[in-house]
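Below: input_16.pdb (PDB, C-alpha atoms, pLDDT in the B column)
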MODEL        1
ATOM      1  CA  MET A  20      79.132  -0.138 -12.265  1.00 43.00           C
ATOM      2  CA  THR A  21      79.175   1.458  -8.795  1.00 48.00           C
ATOM      3  CA  HIS A  22      76.918   4.368  -7.850  1.00 46.00           C
ATOM      4  CA  PRO A  23      76.181   6.164  -4.576  1.00 54.00           C
ATOM      5  CA  ALA A  24      73.317   4.644  -2.661  1.00 85.00           C
ATOM      6  CA  ASN A  25      69.655   4.883  -3.570  1.00 94.00           C
ATOM      7  CA  ASP A  26      67.568   2.961  -1.091  1.00 94.00           C
ATOM      8  CA  ILE A  27      64.992   1.745  -3.607  1.00 95.00           C
ATOM      9  CA  LEU A  28      67.756   0.115  -5.645  1.00 95.00           C
ATOM     10  CA  ASN A  29      69.339  -1.233  -2.466  1.00 93.00           C
ATOM     11  CA  HIS A  30      66.157  -3.184  -1.741  1.00 93.00           C
ATOM     12  CA  LEU A  31      66.776  -5.231  -4.894  1.00 94.00           C
ATOM     13  CA  PRO A  32      68.933  -8.385  -4.985  1.00 94.00           C
ATOM     14  CA  PRO A  33      72.488  -7.290  -5.923  1.00 92.00           C
ATOM     15  CA  ALA A  34      72.416  -8.747  -9.436  1.00 92.00           C
ATOM     16  CA  GLN A  35      69.150  -6.993 -10.285  1.00 92.00           C
ATOM     17  CA  HIS A  36      70.424  -3.779  -8.718  1.00 92.00           C
ATOM     18  CA  VAL A  37      73.425  -3.844 -11.047  1.00 92.00           C
ATOM     19  CA  GLN A  38      71.296  -4.773 -14.065  1.00 92.00           C
ATOM     20  CA  LEU A  39      68.899  -1.874 -13.537  1.00 95.00           C
ATOM     21  CA  ALA A  40      71.729   0.589 -12.832  1.00 92.00           C
ATOM     22  CA  HIS A  41      73.325  -0.366 -16.167  1.00 93.00           C
ATOM     23  CA  ARG A  42      70.108   0.689 -17.909  1.00 95.00           C
ATOM     24  CA  CYS A  43      70.200   4.129 -16.253  1.00 96.00           C
ATOM     25  CA  GLU A  44      72.086   7.296 -17.067  1.00 97.00           C
ATOM     26  CA  LYS A  45      73.509   9.509 -14.367  1.00 96.00           C
ATOM     27  CA  VAL A  46      72.247  13.109 -14.599  1.00 97.00           C
ATOM     28  CA  GLU A  47      72.552  16.281 -12.562  1.00 97.00           C
ATOM     29  CA  LEU A  48      69.590  17.791 -10.746  1.00 95.00           C
ATOM     30  CA  ALA A  49      69.689  21.598 -10.893  1.00 94.00           C
ATOM     31  CA  LEU A  50      68.035  23.752  -8.251  1.00 89.00           C
ATOM     32  CA  SER A  51      64.451  24.677  -9.272  1.00 89.00           C
ATOM     33  CA  GLN A  52      64.528  22.254 -12.245  1.00 94.00           C
ATOM     34  CA  VAL A  53      61.082  20.839 -13.079  1.00 95.00           C
ATOM     35  CA  LEU A  54      61.114  17.071 -13.662  1.00 95.00           C
ATOM     36  CA  SER A  55      57.414  16.537 -14.329  1.00 93.00           C
ATOM     37  CA  GLU A  56      54.200  18.495 -14.793  1.00 93.00           C
ATOM     38  CA  PRO A  57      50.726  17.421 -13.627  1.00 92.00           C
ATOM     39  CA  GLY A  58      48.685  15.530 -16.177  1.00 90.00           C
ATOM     40  CA  GLN A  59      51.664  14.910 -18.457  1.00 91.00           C
ATOM     41  CA  PRO A  60      52.915  11.393 -19.264  1.00 91.00           C
ATOM     42  CA  LEU A  61      55.973  10.381 -17.261  1.00 91.00           C
ATOM     43  CA  SER A  62      59.006  10.300 -19.548  1.00 93.00           C
ATOM     44  CA  HIS A  63      61.451   8.773 -17.052  1.00 95.00           C
ATOM     45  CA  ALA A  64      61.823   7.154 -13.658  1.00 96.00           C
ATOM     46  CA  TYR A  65      64.344   8.832 -11.352  1.00 97.00           C
ATOM     47  CA  PHE A  66      66.409   7.397  -8.506  1.00 97.00           C
ATOM     48  CA  PRO A  67      68.021  10.291  -6.569  1.00 97.00           C
ATOM     49  CA  LEU A  68      71.551   9.705  -5.312  1.00 96.00           C
ATOM     50  CA  SER A  69      71.946  13.128  -3.729  1.00 92.00           C
ATOM     51  CA  GLY A  70      69.755  16.190  -3.647  1.00 90.00           C
ATOM     52  CA  PHE A  71      65.981  15.997  -3.300  1.00 94.00           C
ATOM     53  CA  VAL A  72      62.742  17.103  -4.928  1.00 95.00           C
ATOM     54  CA  SER A  73      59.378  18.450  -3.813  1.00 94.00           C
ATOM     55  CA  LEU A  74      56.052  17.066  -5.017  1.00 94.00           C
ATOM     56  CA  VAL A  75      53.791  20.086  -5.456  1.00 93.00           C
ATOM     57  CA  VAL A  76      50.050  20.140  -6.157  1.00 91.00           C
ATOM     58  CA  GLN A  77      48.210  23.198  -7.419  1.00 85.00           C
ATOM     59  CA  VAL A  78      44.422  23.626  -7.193  1.00 84.00           C
ATOM     60  CA  ASP A  79      42.687  26.249  -9.343  1.00 83.00           C
ATOM     61  CA  THR A  80      44.631  29.517  -9.134  1.00 78.00           C
ATOM     62  CA  HIS A  81      45.997  28.947  -5.637  1.00 79.00           C
ATOM     63  CA  PRO A  82      49.784  28.760  -5.110  1.00 77.00           C
ATOM     64  CA  GLY A  83      51.229  25.260  -5.159  1.00 81.00           C
ATOM     65  CA  LEU A  84      51.392  23.204  -1.973  1.00 88.00           C
ATOM     66  CA  GLU A  85      54.114  20.666  -1.220  1.00 91.00           C
ATOM     67  CA  VAL A  86      52.564  17.271  -0.424  1.00 92.00           C
ATOM     68  CA  GLY A  87      55.721  15.149  -0.477  1.00 93.00           C
ATOM     69  CA  MET A  88      59.496  15.148  -0.631  1.00 95.00           C
ATOM     70  CA  VAL A  89      61.773  12.577  -2.272  1.00 96.00           C
ATOM     71  CA  GLY A  90      65.494  12.024  -1.800  1.00 96.00           C
ATOM     72  CA  ARG A  91      67.723   8.980  -2.022  1.00 95.00           C
ATOM     73  CA  GLU A  92      65.267   7.021   0.138  1.00 95.00           C
ATOM     74  CA  GLY A  93      62.770   7.014  -2.728  1.00 96.00           C
ATOM     75  CA  MET A  94      62.137   7.380  -6.429  1.00 97.00           C
ATOM     76  CA  LEU A  95      60.053   9.297  -8.931  1.00 96.00           C
ATOM     77  CA  GLY A  96      57.977   7.305 -11.368  1.00 93.00           C
ATOM     78  CA  SER A  97      56.841   4.385  -9.226  1.00 92.00           C
ATOM     79  CA  GLU A  98      53.423   4.958 -10.859  1.00 90.00           C
ATOM     80  CA  LEU A  99      54.873   3.314 -13.974  1.00 93.00           C
ATOM     81  CA  ALA A 100      54.500  -0.017 -12.171  1.00 91.00           C
ATOM     82  CA  LEU A 101      50.742   0.409 -12.764  1.00 88.00           C
ATOM     83  CA  GLY A 102      51.174   0.910 -16.515  1.00 83.00           C
ATOM     84  CA  PRO A 103      51.467   4.036 -18.707  1.00 75.00           C
ATOM     85  CA  ALA A 104      50.980   6.883 -16.257  1.00 76.00           C
ATOM     86  CA  SER A 105      50.812  10.605 -15.797  1.00 83.00           C
ATOM     87  CA  THR A 106      51.452  12.315 -12.489  1.00 87.00           C
ATOM     88  CA  PRO A 107      49.318  14.692 -10.397  1.00 88.00           C
ATOM     89  CA  PHE A 108      52.456  16.483  -9.188  1.00 90.00           C
ATOM     90  CA  ARG A 109      54.674  19.261 -10.354  1.00 93.00           C
ATOM     91  CA  THR A 110      58.047  17.832  -9.380  1.00 94.00           C
ATOM     92  CA  LEU A 111      60.497  20.563  -8.427  1.00 93.00           C
ATOM     93  CA  VAL A 112      64.168  20.126  -7.499  1.00 94.00           C
ATOM     94  CA  GLN A 113      64.569  21.608  -4.020  1.00 91.00           C
ATOM     95  CA  GLY A 114      68.160  20.483  -3.412  1.00 90.00           C
ATOM     96  CA  ALA A 115      70.640  20.144  -6.277  1.00 91.00           C
ATOM     97  CA  GLY A 116      72.377  16.783  -6.689  1.00 94.00           C
ATOM     98  CA  THR A 117      72.610  13.742  -8.943  1.00 96.00           C
ATOM     99  CA  CYS A 118      70.285  10.894  -9.844  1.00 96.00           C
ATOM    100  CA  LEU A 119      69.989   7.827 -12.023  1.00 97.00           C
ATOM    101  CA  ARG A 120      67.375   8.170 -14.759  1.00 97.00           C
ATOM    102  CA  ILE A 121      65.795   5.517 -16.957  1.00 97.00           C
ATOM    103  CA  GLU A 122      63.402   6.056 -19.868  1.00 96.00           C
ATOM    104  CA  ALA A 123      59.791   5.149 -18.998  1.00 95.00           C
ATOM    105  CA  ASN A 124      59.320   2.410 -21.625  1.00 94.00           C
ATOM    106  CA  ASP A 125      62.637   0.818 -20.675  1.00 96.00           C
ATOM    107  CA  PHE A 126      61.653   0.911 -16.995  1.00 96.00           C
ATOM    108  CA  ARG A 127      58.350  -0.815 -17.745  1.00 95.00           C
ATOM    109  CA  THR A 128      60.280  -3.523 -19.622  1.00 95.00           C
ATOM    110  CA  GLN A 129      62.479  -4.034 -16.557  1.00 95.00           C
ATOM    111  CA  LEU A 130      59.343  -4.276 -14.405  1.00 95.00           C
ATOM    112  CA  ASP A 131      57.905  -6.948 -16.707  1.00 94.00           C
ATOM    113  CA  HIS A 132      60.997  -9.113 -16.212  1.00 93.00           C
ATOM    114  CA  SER A 133      61.651  -8.492 -12.500  1.00 94.00           C
ATOM    115  CA  PRO A 134      59.172  -9.561  -9.810  1.00 94.00           C
ATOM    116  CA  ALA A 135      61.553  -8.108  -7.210  1.00 94.00           C
ATOM    117  CA  LEU A 136      61.481  -4.669  -8.858  1.00 95.00           C
ATOM    118  CA  ARG A 137      57.678  -4.781  -9.098  1.00 94.00           C
ATOM    119  CA  ALA A 138      57.438  -5.666  -5.402  1.00 94.00           C
ATOM    120  CA  VAL A 139      59.710  -2.765  -4.411  1.00 95.00           C
ATOM    121  CA  CYS A 140      57.747  -0.307  -6.563  1.00 95.00           C
ATOM    122  CA  HIS A 141      54.423  -1.507  -5.160  1.00 94.00           C
ATOM    123  CA  SER A 142      55.753  -1.151  -1.624  1.00 95.00           C
ATOM    124  CA  TYR A 143      56.976   2.356  -2.360  1.00 96.00           C
ATOM    125  CA  LEU A 144      53.602   3.262  -3.872  1.00 95.00           C
ATOM    126  CA  LEU A 145      52.056   2.263  -0.533  1.00 95.00           C
ATOM    127  CA  VAL A 146      54.588   4.467   1.257  1.00 95.00           C
ATOM    128  CA  ARG A 147      53.565   7.424  -0.905  1.00 94.00           C
ATOM    129  CA  LEU A 148      49.862   6.687  -0.331  1.00 94.00           C
ATOM    130  CA  HIS A 149      50.349   6.710   3.444  1.00 95.00           C
ATOM    131  CA  GLN A 150      52.457   9.874   3.322  1.00 94.00           C
ATOM    132  CA  LEU A 151      50.000  11.735   1.094  1.00 93.00           C
ATOM    133  CA  ALA A 152      47.092  10.849   3.377  1.00 94.00           C
ATOM    134  CA  ARG A 153      49.049  12.005   6.414  1.00 95.00           C
ATOM    135  CA  ALA A 154      50.109  15.224   4.652  1.00 93.00           C
ATOM    136  CA  ALA A 155      46.453  16.116   4.085  1.00 91.00           C
ATOM    137  CA  ALA A 156      45.618  15.593   7.751  1.00 94.00           C
ATOM    138  CA  CYS A 157      48.758  17.430   8.874  1.00 94.00           C
ATOM    139  CA  GLU A 158      47.826  20.458   6.778  1.00 91.00           C
ATOM    140  CA  ARG A 159      44.378  20.528   8.414  1.00 90.00           C
ATOM    141  CA  PHE A 160      45.139  19.821  12.070  1.00 95.00           C
ATOM    142  CA  HIS A 161      48.736  20.795  12.933  1.00 95.00           C
ATOM    143  CA  MET A 162      50.012  24.289  13.679  1.00 96.00           C
ATOM    144  CA  ILE A 163      52.606  26.101  11.558  1.00 95.00           C
ATOM    145  CA  GLY A 164      55.465  25.761  14.073  1.00 96.00           C
ATOM    146  CA  PRO A 165      55.402  21.941  14.368  1.00 97.00           C
ATOM    147  CA  ARG A 166      54.874  21.628  10.607  1.00 97.00           C
ATOM    148  CA  LEU A 167      57.880  23.871   9.921  1.00 96.00           C
ATOM    149  CA  ALA A 168      60.020  21.799  12.294  1.00 97.00           C
ATOM    150  CA  ARG A 169      58.926  18.634  10.487  1.00 97.00           C
ATOM    151  CA  TRP A 170      59.699  20.167   7.084  1.00 95.00           C
ATOM    152  CA  LEU A 171      63.192  21.230   8.175  1.00 96.00           C
ATOM    153  CA  LEU A 172      63.912  17.733   9.513  1.00 97.00           C
ATOM    154  CA  MET A 173      62.735  16.171   6.248  1.00 95.00           C
ATOM    155  CA  SER A 174      64.953  18.550   4.260  1.00 93.00           C
ATOM    156  CA  GLN A 175      67.990  17.847   6.450  1.00 94.00           C
ATOM    157  CA  ASP A 176      67.457  14.089   6.140  1.00 94.00           C
ATOM    158  CA  ARG A 177      67.643  14.305   2.373  1.00 92.00           C
ATOM    159  CA  ALA A 178      70.236  17.053   1.994  1.00 89.00           C
ATOM    160  CA  HIS A 179      72.622  15.439   4.537  1.00 89.00           C
ATOM    161  CA  THR A 180      73.606  18.908   5.732  1.00 90.00           C
ATOM    162  CA  PRO A 181      72.293  21.176   8.499  1.00 94.00           C
ATOM    163  CA  THR A 182      72.462  24.276   6.273  1.00 92.00           C
ATOM    164  CA  PHE A 183      69.903  25.272   3.624  1.00 84.00           C
ATOM    165  CA  HIS A 184      69.676  28.241   1.286  1.00 85.00           C
ATOM    166  CA  LEU A 185      66.018  29.241   1.308  1.00 85.00           C
ATOM    167  CA  THR A 186      63.694  32.156   1.940  1.00 85.00           C
ATOM    168  CA  HIS A 187      60.659  32.652   4.148  1.00 87.00           C
ATOM    169  CA  GLU A 188      58.631  33.026   0.948  1.00 87.00           C
ATOM    170  CA  PHE A 189      59.709  29.581  -0.227  1.00 88.00           C
ATOM    171  CA  MET A 190      58.972  27.960   3.141  1.00 90.00           C
ATOM    172  CA  ALA A 191      55.534  29.593   3.156  1.00 90.00           C
ATOM    173  CA  LEU A 192      54.867  28.247  -0.347  1.00 86.00           C
ATOM    174  CA  MET A 193      55.907  24.710   0.592  1.00 89.00           C
ATOM    175  CA  LEU A 194      53.751  24.753   3.748  1.00 91.00           C
ATOM    176  CA  GLY A 195      50.801  26.475   2.102  1.00 87.00           C
ATOM    177  CA  VAL A 196      50.652  29.312   4.647  1.00 90.00           C
ATOM    178  CA  ARG A 197      51.145  33.079   4.721  1.00 90.00           C
ATOM    179  CA  ARG A 198      54.704  34.380   4.904  1.00 90.00           C
ATOM    180  CA  VAL A 199      54.045  36.115   8.222  1.00 93.00           C
ATOM    181  CA  GLY A 200      53.149  32.765   9.812  1.00 93.00           C
ATOM    182  CA  VAL A 201      56.433  31.173   8.728  1.00 93.00           C
ATOM    183  CA  THR A 202      58.378  34.251   9.855  1.00 92.00           C
ATOM    184  CA  MET A 203      56.866  34.018  13.340  1.00 95.00           C
ATOM    185  CA  ALA A 204      57.488  30.255  13.600  1.00 95.00           C
ATOM    186  CA  ALA A 205      61.075  30.527  12.341  1.00 94.00           C
ATOM    187  CA  SER A 206      61.763  33.438  14.669  1.00 94.00           C
ATOM    188  CA  ALA A 207      60.579  31.393  17.644  1.00 96.00           C
ATOM    189  CA  LEU A 208      62.938  28.546  16.664  1.00 96.00           C
ATOM    190  CA  GLN A 209      65.801  31.008  16.294  1.00 96.00           C
ATOM    191  CA  ARG A 210      65.171  32.666  19.669  1.00 96.00           C
ATOM    192  CA  SER A 211      65.287  29.263  21.361  1.00 96.00           C
ATOM    193  CA  GLY A 212      68.624  28.414  19.704  1.00 97.00           C
ATOM    194  CA  VAL A 213      67.245  25.591  17.550  1.00 97.00           C
ATOM    195  CA  ILE A 214      68.058  27.227  14.210  1.00 96.00           C
ATOM    196  CA  GLU A 215      69.993  30.198  12.885  1.00 96.00           C
ATOM    197  CA  TYR A 216      68.690  32.193   9.932  1.00 91.00           C
ATOM    198  CA  HIS A 217      70.590  34.968   8.169  1.00 89.00           C
ATOM    199  CA  ARG A 218      70.233  36.407   4.673  1.00 84.00           C
ATOM    200  CA  GLY A 219      68.527  33.390   3.147  1.00 86.00           C
ATOM    201  CA  THR A 220      70.698  30.774   4.861  1.00 91.00           C
ATOM    202  CA  LEU A 221      69.157  28.574   7.557  1.00 92.00           C
ATOM    203  CA  THR A 222      71.243  26.300   9.786  1.00 96.00           C
ATOM    204  CA  VAL A 223      69.863  23.643  12.131  1.00 97.00           C
ATOM    205  CA  LEU A 224      71.814  24.113  15.372  1.00 97.00           C
ATOM    206  CA  ASP A 225      70.064  21.584  17.598  1.00 97.00           C
ATOM    207  CA  ARG A 226      68.453  18.690  15.725  1.00 97.00           C
ATOM    208  CA  ALA A 227      67.187  16.954  18.872  1.00 97.00           C
ATOM    209  CA  ALA A 228      65.349  20.095  19.973  1.00 98.00           C
ATOM    210  CA  LEU A 229      63.944  20.524  16.460  1.00 97.00           C
ATOM    211  CA  ALA A 230      62.679  16.931  16.497  1.00 97.00           C
ATOM    212  CA  ALA A 231      61.048  17.538  19.879  1.00 97.00           C
ATOM    213  CA  GLN A 232      59.076  20.439  18.399  1.00 97.00           C
ATOM    214  CA  ALA A 233      58.067  18.664  15.164  1.00 97.00           C
ATOM    215  CA  CYS A 234      54.556  17.305  14.744  1.00 97.00           C
ATOM    216  CA  SER A 235      53.983  13.570  15.109  1.00 96.00           C
ATOM    217  CA  CYS A 236      53.774  13.143  11.323  1.00 97.00           C
ATOM    218  CA  TYR A 237      57.560  13.153  11.031  1.00 97.00           C
ATOM    219  CA  GLU A 238      58.056   9.992  13.101  1.00 96.00           C
ATOM    220  CA  ALA A 239      54.895   8.436  11.656  1.00 96.00           C
ATOM    221  CA  ASP A 240      56.232   8.827   8.111  1.00 96.00           C
ATOM    222  CA  LYS A 241      59.521   7.189   9.058  1.00 95.00           C
ATOM    223  CA  ALA A 242      57.671   4.301  10.742  1.00 95.00           C
ATOM    224  CA  SER A 243      55.526   3.784   7.628  1.00 94.00           C
ATOM    225  CA  TYR A 244      58.619   3.681   5.445  1.00 95.00           C
ATOM    226  CA  ARG A 245      60.311   1.072   7.646  1.00 93.00           C
ATOM    227  CA  THR A 246      57.218  -1.130   7.828  1.00 93.00           C
ATOM    228  CA  LEU A 247      56.095  -0.942   4.216  1.00 93.00           C
ATOM    229  CA  MET A 248      59.456  -1.047   2.448  1.00 91.00           C
ATOM    230  CA  ASP A 249      60.618  -4.121   4.337  1.00 80.00           C
ATOM    231  CA  ARG A 250      57.290  -5.916   3.790  1.00 66.00           C
ATOM    232  CA  ASP A 251      57.584  -8.478   0.988  1.00 54.00           C
ATOM    233  CA  THR A 252      60.647  -6.796  -0.535  1.00 55.00           C
ATOM    234  CA  ALA A 253      63.383  -9.027  -1.834  1.00 51.00           C
ATOM    235  CA  HIS A 254      66.327  -7.397  -0.114  1.00 54.00           C
ATOM    236  CA  PRO A 255      65.412  -5.363   3.013  1.00 51.00           C
ATOM    237  CA  HIS A 256      67.802  -2.520   3.712  1.00 57.00           C
ATOM    238  CA  PRO A 257      68.421  -0.413   6.823  1.00 55.00           C
ATOM    239  CA  HIS A 258      66.234   2.656   7.205  1.00 58.00           C
ATOM    240  CA  PRO A 259      67.927   5.541   5.343  1.00 65.00           C
ATOM    241  CA  PHE A 260      66.969   8.406   7.649  1.00 62.00           C
ATOM    242  CA  PRO A 261      69.255   9.415  10.512  1.00 59.00           C
ATOM    243  CA  THR A 262      68.423   8.714  14.113  1.00 49.00           C
ATOM    244  CA  THR A 263      67.790  11.892  16.052  1.00 45.00           C
ATOM    245  CA  GLY A 264      70.865  12.810  18.068  1.00 45.00           C
ATOM    246  CA  THR A 265      71.355  15.017  21.060  1.00 39.00           C
ATOM    247  CA  GLN A 266      74.376  17.034  19.952  1.00 44.00           C
ATOM    248  CA  ARG A 267      74.196  20.622  18.854  1.00 44.00           C
ATOM    249  CA  THR A 268      75.651  21.494  15.447  1.00 41.00           C
ATOM    250  CA  THR A 269      78.071  24.389  15.321  1.00 38.00           C
ATOM    251  CA  PRO A 270      77.510  26.509  12.175  1.00 37.00           C
TER     252      PRO A 270
ENDMDL
END

In structure tokens, write the structure found in this file.
Amino acid sequence: MTHPANDILNHLPPAQHVQLAHRCEKVELALSQVLSEPGQPLSHAYFPLSGFVSLVVQVDTHPGLEVGMVGREGMLGSELALGPASTPFRTLVQGAGTCLRIEANDFRTQLDHSPALRAVCHSYLLVRLHQLARAAACERFHMIGPRLARWLLMSQDRAHTPTFHLTHEFMALMLGVRRVGVTMAASALQRSGVIEYHRGTLTVLDRAALAAQACSCYEADKASYRTLMDRDTAHPHPHPFPTTGTQRTTP
């Protein structure tokens, strides 16, 4: 059985990769689909093949805040490696695509019989821990403009396209800021020729310039992924995120 790449699966020895993939079903991820709710038991583990999801946390009556993003470099449900688990996140599909899905009890059975799978899940849990800690500090200390640039880079990495269909309201929600702040930051990027935004469609024109304006958390997250995922994993795999280029993208 051959599937498009998911980097978590690619860290497994080939035979175990195939065995786990055979236990999965391939499903479509629809835009705005909710895959999990906070406090609810996880019903499945998900391995995105294309598309990506946002991990959103809501406190009291405040709007939700995105604290993480998962595409084919990661998985949903790594908490199951710790036993029966619920999640603190509302998991929302931000980019439509496909994924492999396995029922939670079946996934735990696979974990019981595969030290390599347990090691990969534990490594990825460390990745998420580092990224969540950094997201909290980023929200507190970094300005809207660099955070927006980081968020656009993260989205492009996972969507594998320079063009996104989104609104200023959605970007403000994901960044946890007022809409006017996102509008000002996006307008500054557009005036400098880094992005183009028109009627809900945003295109990254100059990725290198966008990376230069992003906060340091973007590169720090990638470094954490490289270090932690290749530490004690059975089958290290090349880093899935693109290297920043210098070319401009013509819309």

Item to complete: List the residues sitting within 12 Å of (66.3, 22.0, -11.1) in the file's frame, using all atoms listed in the file, as a ChimeraX atom specification.
Response: /A:46-55,70-73,109-118

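Closest approach to Val199 of chain A among A:Tyr65, A:His187, A:Ala24, A:His41 is made by A:His187 (distances from all atoms listed in the file).
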
Worksheet entry | Residue IDs satisfying the PyMOL selection byres ((chain A and resi 88-104) around 8), as a ChimeraX atom specification | /A:24-27,60-61,63-74,85-87,105-106,123,126-127,130,137,140-141,143-144,173,177-178,259-260

Give me the residues near Ala233 of chain A as a tab-separated table (two decimals) with C-alpha atoms, in the frame of the given file, where near means some atom within 9 Å (using all atoms listed in the file) and where sequence neighbours in that chain fewer than 2 positions away do not count.
chain	number	residue	atom	x	y	z
A	164	GLY	CA	55.46	25.76	14.07
A	165	PRO	CA	55.40	21.94	14.37
A	166	ARG	CA	54.87	21.63	10.61
A	167	LEU	CA	57.88	23.87	9.92
A	168	ALA	CA	60.02	21.80	12.29
A	169	ARG	CA	58.93	18.63	10.49
A	170	TRP	CA	59.70	20.17	7.08
A	172	LEU	CA	63.91	17.73	9.51
A	228	ALA	CA	65.35	20.10	19.97
A	229	LEU	CA	63.94	20.52	16.46
A	230	ALA	CA	62.68	16.93	16.50
A	231	ALA	CA	61.05	17.54	19.88
A	235	SER	CA	53.98	13.57	15.11
A	236	CYS	CA	53.77	13.14	11.32
A	237	TYR	CA	57.56	13.15	11.03
A	238	GLU	CA	58.06	9.99	13.10

Fill in: Residue IDs satisfying the PyMOL selection byres ((chain A and resi 42) around 12), as a PyMOL selection string
chain A and resi 20+35-41+43-45+63-65+119-129

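Our summary of the geometry notes that atom CA of Asp240 of chain A is positioned 18.4 Å from atom CA of His30 of chain A.
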
Fill in: Atom-to-atom span, atom CA of Ala152 of chain A and atom CA of Ser243 of chain A, Å
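Separation between atom CA of Ala152 of chain A and atom CA of Ser243 of chain A: 11.8 Å.
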
Worksheet entry | Separation of atom CA of His149 of chain A from atom CA of Met248 of chain A, in Å and rounded to one decimal |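 If I compute the distance from atom CA of His149 of chain A to atom CA of Met248 of chain A, I get 12.0 Å.
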
Discussion item. Counting only C-alpha atoms, which residue out of A:Asn29, A:Gln59, A:Ser174, A:Ser142 sits closest to Met190 of chain A?
Written reply: A:Ser174

Fill in: Counting all atoms listed in the file, the residue of A:Ala155, A:Leu145, A:Leu185, A:Leu171 that sits nearest Val213 of chain A
A:Leu171

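Distance annotation: of A:Cys234, A:Ala154, A:Ala242, A:Ala191, the residue with the minimal separation from Pro82 of chain A is A:Ala191; atom set is all atoms listed in the file.
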
Worksheet item: With distances taken over only C-alpha atoms, which of A:Val223, A:Leu28, A:Leu151, A:Ala138 is nearest to Leu84 of chain A?
Response: A:Leu151

Worksheet entry | Selected residue of minimal separation from Thr186 of chain A among A:Arg218, A:Arg245, A:Arg147, A:Arg210, counting all atoms listed in the file | A:Arg218
